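Trainee: Take a look at run.cif, mmCIF, C-alpha atoms:
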```cif
data_final
loop_
_atom_site.label_atom_id
_atom_site.label_comp_id
_atom_site.auth_asym_id
_atom_site.auth_seq_id
_atom_site.Cartn_x
_atom_site.Cartn_y
_atom_site.Cartn_z
CA MET A 1 328.08 -6.85 37.24
CA ARG A 2 325.12 -8.54 35.67
CA ALA A 3 323.16 -11.51 36.95
CA ILE A 4 320.46 -13.42 35.12
CA VAL A 5 318.42 -15.09 37.85
CA GLN A 6 316.12 -17.96 36.99
CA ARG A 7 313.82 -19.79 39.39
CA VAL A 8 314.20 -23.46 38.50
CA LEU A 9 312.71 -26.81 39.40
CA SER A 10 316.09 -28.35 38.57
CA ALA A 11 319.41 -27.46 36.97
CA SER A 12 322.72 -29.10 36.20
CA VAL A 13 326.11 -28.13 34.80
CA GLU A 14 328.31 -30.48 32.78
CA VAL A 15 331.89 -29.94 31.64
CA GLU A 16 333.44 -32.34 29.13
CA GLY A 17 330.69 -34.89 29.78
CA ARG A 18 331.21 -34.78 33.56
CA LEU A 19 328.47 -33.59 35.90
CA VAL A 20 329.98 -30.82 38.06
CA SER A 21 326.85 -29.38 39.65
CA GLU A 22 323.23 -30.46 40.06
CA ILE A 23 320.27 -29.10 42.03
CA GLY A 24 316.55 -29.54 42.54
CA PRO A 25 314.41 -26.44 43.16
CA GLY A 26 316.25 -23.15 43.59
CA LEU A 27 317.76 -20.26 41.68
CA LEU A 28 320.16 -20.63 38.77
CA VAL A 29 322.31 -17.50 38.49
CA PHE A 30 324.40 -16.60 35.45
CA ILE A 31 327.07 -14.02 36.36
CA GLY A 32 328.71 -11.56 33.96
CA ILE A 33 331.54 -9.34 35.19
CA HIS A 34 332.12 -5.94 33.59
CA GLU A 35 335.65 -4.60 33.16
CA SER A 36 334.90 -1.74 35.58
CA ASP A 37 333.30 -3.86 38.33
CA VAL A 38 334.61 -3.45 41.86
CA GLU A 39 333.81 -5.04 45.21
CA ALA A 40 330.75 -2.78 45.64
CA ASP A 41 329.23 -4.37 42.54
CA ALA A 42 329.62 -7.82 44.05
CA ASP A 43 328.08 -6.56 47.31
CA TYR A 44 325.04 -5.28 45.37
CA MET A 45 324.18 -8.75 44.09
CA LYS A 46 321.52 -9.47 46.72
CA VAL A 47 320.11 -12.41 44.77
CA LEU A 48 319.32 -14.32 47.96
CA ASN A 49 317.01 -11.53 49.14
CA MET A 50 314.94 -11.40 45.94
CA ARG A 51 311.34 -12.44 46.66
CA LEU A 52 310.89 -14.96 43.88
CA PHE A 53 309.08 -17.76 45.70
CA PRO A 54 305.49 -18.08 46.92
CA GLY A 55 305.07 -17.84 50.69
CA GLU A 56 304.89 -21.29 52.26
CA LYS A 57 302.34 -20.17 54.84
CA SER A 58 300.57 -17.34 53.00
CA GLY A 59 300.56 -18.90 49.53
CA LYS A 60 301.10 -15.41 48.08
CA ALA A 61 303.24 -15.14 44.96
CA TRP A 62 306.49 -13.18 45.30
CA ASP A 63 306.27 -13.40 49.08
CA GLN A 64 309.44 -15.21 50.04
CA SER A 65 313.14 -14.92 49.32
CA GLN A 66 315.41 -17.91 49.00
CA LYS A 67 317.46 -16.78 51.97
CA PHE A 68 314.48 -16.92 54.32
CA ALA A 69 312.63 -19.91 52.91
CA LEU A 70 311.91 -22.74 55.35
CA ILE A 71 313.13 -25.18 52.71
CA SER A 72 316.79 -24.78 51.74
CA PHE A 73 316.79 -24.20 48.01
CA ALA A 74 320.06 -24.70 46.15
CA ILE A 75 321.75 -22.02 44.09
CA PRO A 76 324.23 -22.74 41.31
CA LEU A 77 326.34 -19.83 40.04
CA VAL A 78 327.59 -19.96 36.46
CA SER A 79 330.17 -17.51 35.11
CA GLN A 80 329.11 -16.14 31.72
CA PHE A 81 331.18 -13.36 30.14
CA THR A 82 328.82 -13.32 27.14
CA LEU A 83 326.31 -11.37 29.26
CA TYR A 84 328.40 -8.32 28.32
CA GLY A 85 328.56 -9.15 24.64
CA ILE A 86 327.51 -6.70 21.97
CA LEU A 87 327.21 -7.18 18.23
CA LYS A 88 329.53 -5.36 15.86
CA GLY A 89 327.85 -6.16 12.61
CA ASN A 90 327.20 -9.88 12.89
CA LYS A 91 330.18 -10.63 15.12
CA PRO A 92 329.95 -10.70 18.93
CA ASP A 93 332.36 -8.45 20.82
CA PHE A 94 333.11 -8.99 24.51
CA HIS A 95 335.58 -6.12 25.11
CA VAL A 96 333.59 -4.70 28.07
CA ALA A 97 333.71 -7.98 29.97
CA MET A 98 336.49 -8.21 32.55
CA SER A 99 339.59 -10.00 31.28
CA PRO A 100 339.63 -13.72 32.19
CA ASP A 101 342.66 -13.48 34.50
CA LYS A 102 341.04 -10.72 36.61
CA ALA A 103 337.51 -12.11 36.31
CA LYS A 104 338.50 -15.56 37.62
CA GLU A 105 339.64 -14.12 40.96
CA PHE A 106 336.69 -11.70 41.13
CA TYR A 107 334.21 -14.51 40.40
CA ALA A 108 335.81 -16.77 43.03
CA SER A 109 335.38 -14.03 45.65
CA LEU A 110 331.72 -13.65 44.62
CA VAL A 111 331.13 -17.39 45.10
CA LYS A 112 332.71 -17.10 48.57
CA LYS A 113 330.37 -14.19 49.42
CA PHE A 114 327.34 -16.26 48.45
CA ARG A 115 328.56 -19.22 50.48
CA LYS A 116 329.23 -17.01 53.49
CA SER A 117 325.80 -15.35 53.40
CA TYR A 118 323.85 -18.55 52.71
CA THR A 119 324.36 -22.25 53.40
CA ALA A 120 327.81 -22.96 51.94
CA ASP A 121 327.19 -26.54 50.81
CA ILE A 122 324.12 -25.68 48.72
CA VAL A 123 325.78 -22.85 46.80
CA LYS A 124 327.04 -24.68 43.71
CA ASP A 125 329.41 -23.56 40.99
CA GLY A 126 330.39 -24.39 37.44
CA ILE A 127 334.01 -24.30 36.27
CA PHE A 128 335.25 -20.83 35.45
CA GLY A 129 336.30 -20.44 31.81
CA ALA A 130 335.14 -23.91 30.78
CA MET A 131 332.69 -24.70 28.00
CA MET A 132 329.68 -25.78 30.05
CA LYS A 133 326.41 -27.46 29.21
CA VAL A 134 323.78 -25.93 31.46
CA ASN A 135 320.48 -27.78 31.69
CA LEU A 136 317.50 -26.31 33.49
CA VAL A 137 313.79 -26.63 34.01
CA ASN A 138 312.53 -23.08 34.50
CA ASP A 139 309.81 -22.65 37.13
CA GLY A 140 307.15 -20.14 36.11
CA PRO A 141 309.02 -19.14 34.02
CA VAL A 142 310.65 -16.63 36.34
CA THR A 143 313.71 -14.90 34.91
CA LEU A 144 315.07 -11.53 36.06
CA GLN A 145 318.12 -9.47 35.18
CA LEU A 146 319.99 -7.70 37.97
CA ASP A 147 322.59 -5.04 37.11
CA SER A 148 324.80 -3.56 39.79
CA SER A 149 325.51 -0.45 37.70
CA GLN A 150 322.00 0.84 38.35
CA THR A 151 322.89 1.75 41.93
CA ARG A 152 326.34 3.13 41.44
CA CYS A 153 326.59 6.49 43.20
CA ILE A 154 330.03 7.61 42.11
CA SER A 155 331.01 7.92 38.48
CA LEU A 156 333.46 9.95 36.45
CA LYS A 157 332.30 12.85 34.32
CA ALA A 158 333.72 13.23 30.85
CA ASP A 159 336.08 15.95 32.16
CA GLY A 160 337.42 13.60 34.86
CA ASP A 161 335.68 15.19 37.87
CA VAL A 162 333.99 12.88 40.33
CA TRP A 163 330.21 13.00 40.15
CA ASN A 164 328.18 12.02 43.22
CA SER A 165 324.50 11.27 42.97
CA ASN A 166 321.75 8.95 44.09
CA GLU A 167 320.54 8.80 40.51
CA THR A 168 320.80 5.76 38.32
CA VAL A 169 324.04 5.54 36.43
CA GLU A 170 325.40 3.17 33.87
CA HIS A 171 329.10 2.17 33.81
CA GLY A 172 330.80 5.54 33.87
CA LYS A 173 327.82 7.53 32.54
CA PRO A 174 325.73 9.72 34.84
#
```
So, in terms of structure tokens, how does the structure I just supplied come out?
Mentor:
Amino acid sequence: MRAIVQRVLSASVEVEGRLVSEIGPGLLVFIGIHESDVEADADYMKVLNMRLFPGEKSGKAWDQSQKFALISFAIPLVSQFTLYGILKGNKPDFHVAMSPDKAKEFYASLVKKFRKSYTADIVKDGIFGAMMKVNLVNDGPVTLQLDSSQTRCISLKADGDVWNSNETVEHGKP
């Protein structure tokens, strides 16, 4: 799973000219789901714990996570299969992204996880599979990429044996 996390002063999502989500300060998170992602990948997405805000009391940069901020920042999640796009010549190819029918359910469960671990009514969402217009005012700018595959501890070797390690792995490659 891949997340592009942006600290924003404001963000909004429109679908077919209709505003479906709008926030003030917070984190805008684009979510890409890989074909091999499992529940453990969703559990790894600890976006709310990332220290991307200055401390309200200390004033130090990178001192405070959204989850523990005194002010409740909003967080819109936007599904974006193109995060797993690659170019074949000049044409984009998205074959490593999870198929839309599986990804829709997986994404919905991720949104539920965020709502359960944070304040449900300030976790916003786009519309899965829709063409969306995402507007944002980046704060900083602060933009980070978070990949769940970097912490995967079990992968398959080329010969099919299970490989266990605490080393970094990338989707199926120790």
Trainee: Tell me, in Å to one decimal, how far CA of Asn138 (chain A) is from CA of Glu14 (chain A).
Mentor: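 Spanning CA of Asn138 (chain A) to CA of Glu14 (chain A) is a straight-line distance of 17.5 Å.
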Trainee: The PyMOL selection byres ((chain A and resi 97) around 7) - which residues does that actually catch in the file I just gave you? List them as a list in words.
Mentor: Ile33, His34, Glu35, Phe81, Tyr84, Phe94, His95, Val96, Met98 and Ser99 of chain A
Trainee: Determine, counting only C-alpha atoms, which protein, DNA and RNA residues have an atom within 10 Å of an atom of region 40-53 of chain A; residues of the same chain fewer than 2 positions away are not included. Present the result as a VMD selection string.
Mentor: chain A and resid 1 to 7 26 to 27 29 31 33 to 34 36 to 38 55 to 56 59 to 69 75 106 to 107 109 to 111 113 to 114 117 to 118 139 142 to 144 146 to 152
Trainee: Go ahead and compute the interatomic distance for CA of Lys102 (chain A) and CA of Glu16 (chain A), in Å to one decimal.
Mentor: 24.1 Å
Trainee: At what distance in Å, to one decimal, does CA of Asn90 (chain A) lie from CA of Leu28 (chain A)?
Mentor: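 So the answer is 28.9 Å.
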Trainee: For Glu105 (chain A), which residue among A:Gln145, A:Thr119, A:Phe128, A:Thr82 is the nearest when counting all atoms listed in the file?
Mentor: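 Looking at the shortest contact to Glu105 (chain A), the residue is A:Phe128.
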Trainee: Could you check which of A:Lys116, A:Val134, A:Phe30, A:Gly140 is closest to Ala11 (chain A), using all atoms listed in the file?
Mentor: A:Val134
Trainee: Given the file above and the PyMOL selection byres ((chain A and resi 19) around 12), which residues are selected, and can you give them as a PyMOL selection string?
Mentor: chain A and resi 11-18+20-23+124-127+132-135
Trainee: With distances taken over only C-alpha atoms, which residue among A:Leu136, A:Val8, A:Ile122, A:Ala103 lies nearest Glu39 (chain A)?
Mentor: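 Among the listed residues, the smallest separation from Glu39 (chain A) belongs to A:Ala103.
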Trainee: Just checking: using all atoms listed in the file, which residue out of A:Ala130, A:Arg115, A:Leu9, A:Ala120 ends up closest to Ser79 (chain A)?
Mentor: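 Using all atoms listed in the file, Ser79 (chain A) sits closest to A:Ala130.
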Trainee: The centre and edge lengths of an axis-aligned box containing all atoms of region 87-106 of chain A present in the file, extended by 8 Å on each side, are to be given in Å to one decimal, as JSON.
Mentor:
```
{"center_x": 334.9, "center_y": -10.1, "center_z": 26.9, "size_x": 31.5, "size_y": 26.9, "size_z": 44.5}
```
Trainee: Got a sec to write region 127-143 of chain A of the block to a file, all heavy atoms, as a compact mmCIF listing (two decimals), in the first residue's frame?
Mentor:
```txt
# COMPACT_ATOMS: atom_id res chain seq x y z
N ILE A 127 -14.93 9.67 -3.53
CA ILE A 127 -15.82 8.62 -4.01
C ILE A 127 -14.96 7.63 -4.79
O ILE A 127 -14.36 8.00 -5.80
CB ILE A 127 -16.96 9.19 -4.89
CG1 ILE A 127 -17.84 10.10 -4.04
CG2 ILE A 127 -17.78 8.05 -5.50
CD1 ILE A 127 -18.96 10.77 -4.80
N PHE A 128 -14.90 6.41 -4.30
CA PHE A 128 -14.03 5.42 -4.89
C PHE A 128 -14.36 5.22 -6.37
O PHE A 128 -15.52 5.06 -6.74
CB PHE A 128 -14.16 4.07 -4.16
CG PHE A 128 -13.20 3.04 -4.69
CD1 PHE A 128 -11.93 2.93 -4.14
CD2 PHE A 128 -13.55 2.22 -5.74
CE1 PHE A 128 -11.03 2.01 -4.64
CE2 PHE A 128 -12.66 1.29 -6.24
CZ PHE A 128 -11.40 1.19 -5.69
N GLY A 129 -13.34 5.24 -7.21
CA GLY A 129 -13.51 4.98 -8.64
C GLY A 129 -14.00 6.15 -9.46
O GLY A 129 -14.06 6.06 -10.68
N ALA A 130 -14.35 7.25 -8.82
CA ALA A 130 -14.86 8.41 -9.55
C ALA A 130 -13.71 9.28 -10.05
O ALA A 130 -12.62 9.26 -9.49
CB ALA A 130 -15.77 9.24 -8.64
N MET A 131 -13.98 10.03 -11.09
CA MET A 131 -13.03 11.07 -11.53
C MET A 131 -13.24 12.24 -10.57
O MET A 131 -14.33 12.80 -10.50
CB MET A 131 -13.31 11.50 -12.97
CG MET A 131 -12.97 10.43 -13.99
SD MET A 131 -11.21 10.03 -14.03
CE MET A 131 -10.50 11.54 -14.64
N MET A 132 -12.19 12.56 -9.82
CA MET A 132 -12.30 13.58 -8.78
C MET A 132 -11.42 14.78 -9.11
O MET A 132 -10.36 14.62 -9.69
CB MET A 132 -11.87 13.00 -7.42
CG MET A 132 -12.78 11.92 -6.90
SD MET A 132 -12.20 11.19 -5.35
CE MET A 132 -11.30 9.78 -5.95
N LYS A 133 -11.87 15.93 -8.72
CA LYS A 133 -11.05 17.14 -8.75
C LYS A 133 -10.64 17.39 -7.30
O LYS A 133 -11.49 17.65 -6.45
CB LYS A 133 -11.82 18.32 -9.29
CG LYS A 133 -12.10 18.21 -10.77
CD LYS A 133 -12.79 19.45 -11.30
CE LYS A 133 -13.06 19.27 -12.78
NZ LYS A 133 -13.82 20.40 -13.32
N VAL A 134 -9.34 17.28 -7.05
CA VAL A 134 -8.82 17.48 -5.71
C VAL A 134 -8.09 18.82 -5.68
O VAL A 134 -7.15 19.03 -6.43
CB VAL A 134 -7.87 16.33 -5.30
CG1 VAL A 134 -7.34 16.56 -3.89
CG2 VAL A 134 -8.57 14.99 -5.41
N ASN A 135 -8.57 19.70 -4.83
CA ASN A 135 -7.94 21.01 -4.66
C ASN A 135 -7.28 21.04 -3.30
O ASN A 135 -7.83 20.55 -2.33
CB ASN A 135 -9.00 22.13 -4.73
CG ASN A 135 -9.74 22.13 -6.05
OD1 ASN A 135 -9.14 22.33 -7.08
ND2 ASN A 135 -11.03 21.86 -6.00
N LEU A 136 -6.07 21.64 -3.24
CA LEU A 136 -5.40 21.72 -1.96
C LEU A 136 -4.49 22.92 -1.90
O LEU A 136 -4.01 23.42 -2.92
CB LEU A 136 -4.59 20.45 -1.68
CG LEU A 136 -3.40 20.19 -2.59
CD1 LEU A 136 -2.12 20.32 -1.81
CD2 LEU A 136 -3.52 18.81 -3.18
N VAL A 137 -4.28 23.38 -0.68
CA VAL A 137 -3.27 24.39 -0.40
C VAL A 137 -2.28 23.71 0.53
O VAL A 137 -2.57 23.44 1.69
CB VAL A 137 -3.87 25.66 0.27
CG1 VAL A 137 -2.77 26.65 0.61
CG2 VAL A 137 -4.91 26.29 -0.65
N ASN A 138 -1.11 23.36 -0.03
CA ASN A 138 -0.10 22.63 0.72
C ASN A 138 0.50 23.56 1.77
O ASN A 138 0.71 24.74 1.52
CB ASN A 138 0.97 22.12 -0.25
CG ASN A 138 1.70 20.91 0.27
OD1 ASN A 138 2.03 20.83 1.43
ND2 ASN A 138 1.95 19.96 -0.62
N ASP A 139 0.78 23.02 2.94
CA ASP A 139 1.34 23.78 4.06
C ASP A 139 2.79 23.36 4.25
O ASP A 139 3.08 22.26 4.70
CB ASP A 139 0.53 23.50 5.33
CG ASP A 139 1.01 24.29 6.53
OD1 ASP A 139 1.73 25.29 6.34
OD2 ASP A 139 0.66 23.90 7.65
N GLY A 140 3.70 24.22 3.89
CA GLY A 140 5.13 23.94 4.06
C GLY A 140 5.93 24.28 2.80
O GLY A 140 6.60 25.27 2.78
N PRO A 141 5.90 23.48 1.79
CA PRO A 141 5.12 22.27 1.60
C PRO A 141 5.70 21.09 2.36
O PRO A 141 6.89 20.96 2.52
CB PRO A 141 5.22 22.02 0.10
CG PRO A 141 6.51 22.63 -0.31
CD PRO A 141 6.74 23.79 0.61
N VAL A 142 4.79 20.25 2.85
CA VAL A 142 5.16 19.01 3.52
C VAL A 142 4.44 17.88 2.78
O VAL A 142 3.21 17.83 2.78
CB VAL A 142 4.75 19.01 5.01
CG1 VAL A 142 5.00 17.65 5.64
CG2 VAL A 142 5.48 20.10 5.76
N THR A 143 5.22 17.04 2.13
CA THR A 143 4.68 15.90 1.39
C THR A 143 5.59 14.71 1.62
O THR A 143 6.79 14.79 1.37
CB THR A 143 4.59 16.20 -0.12
OG1 THR A 143 3.81 17.37 -0.33
CG2 THR A 143 3.98 15.03 -0.87
```
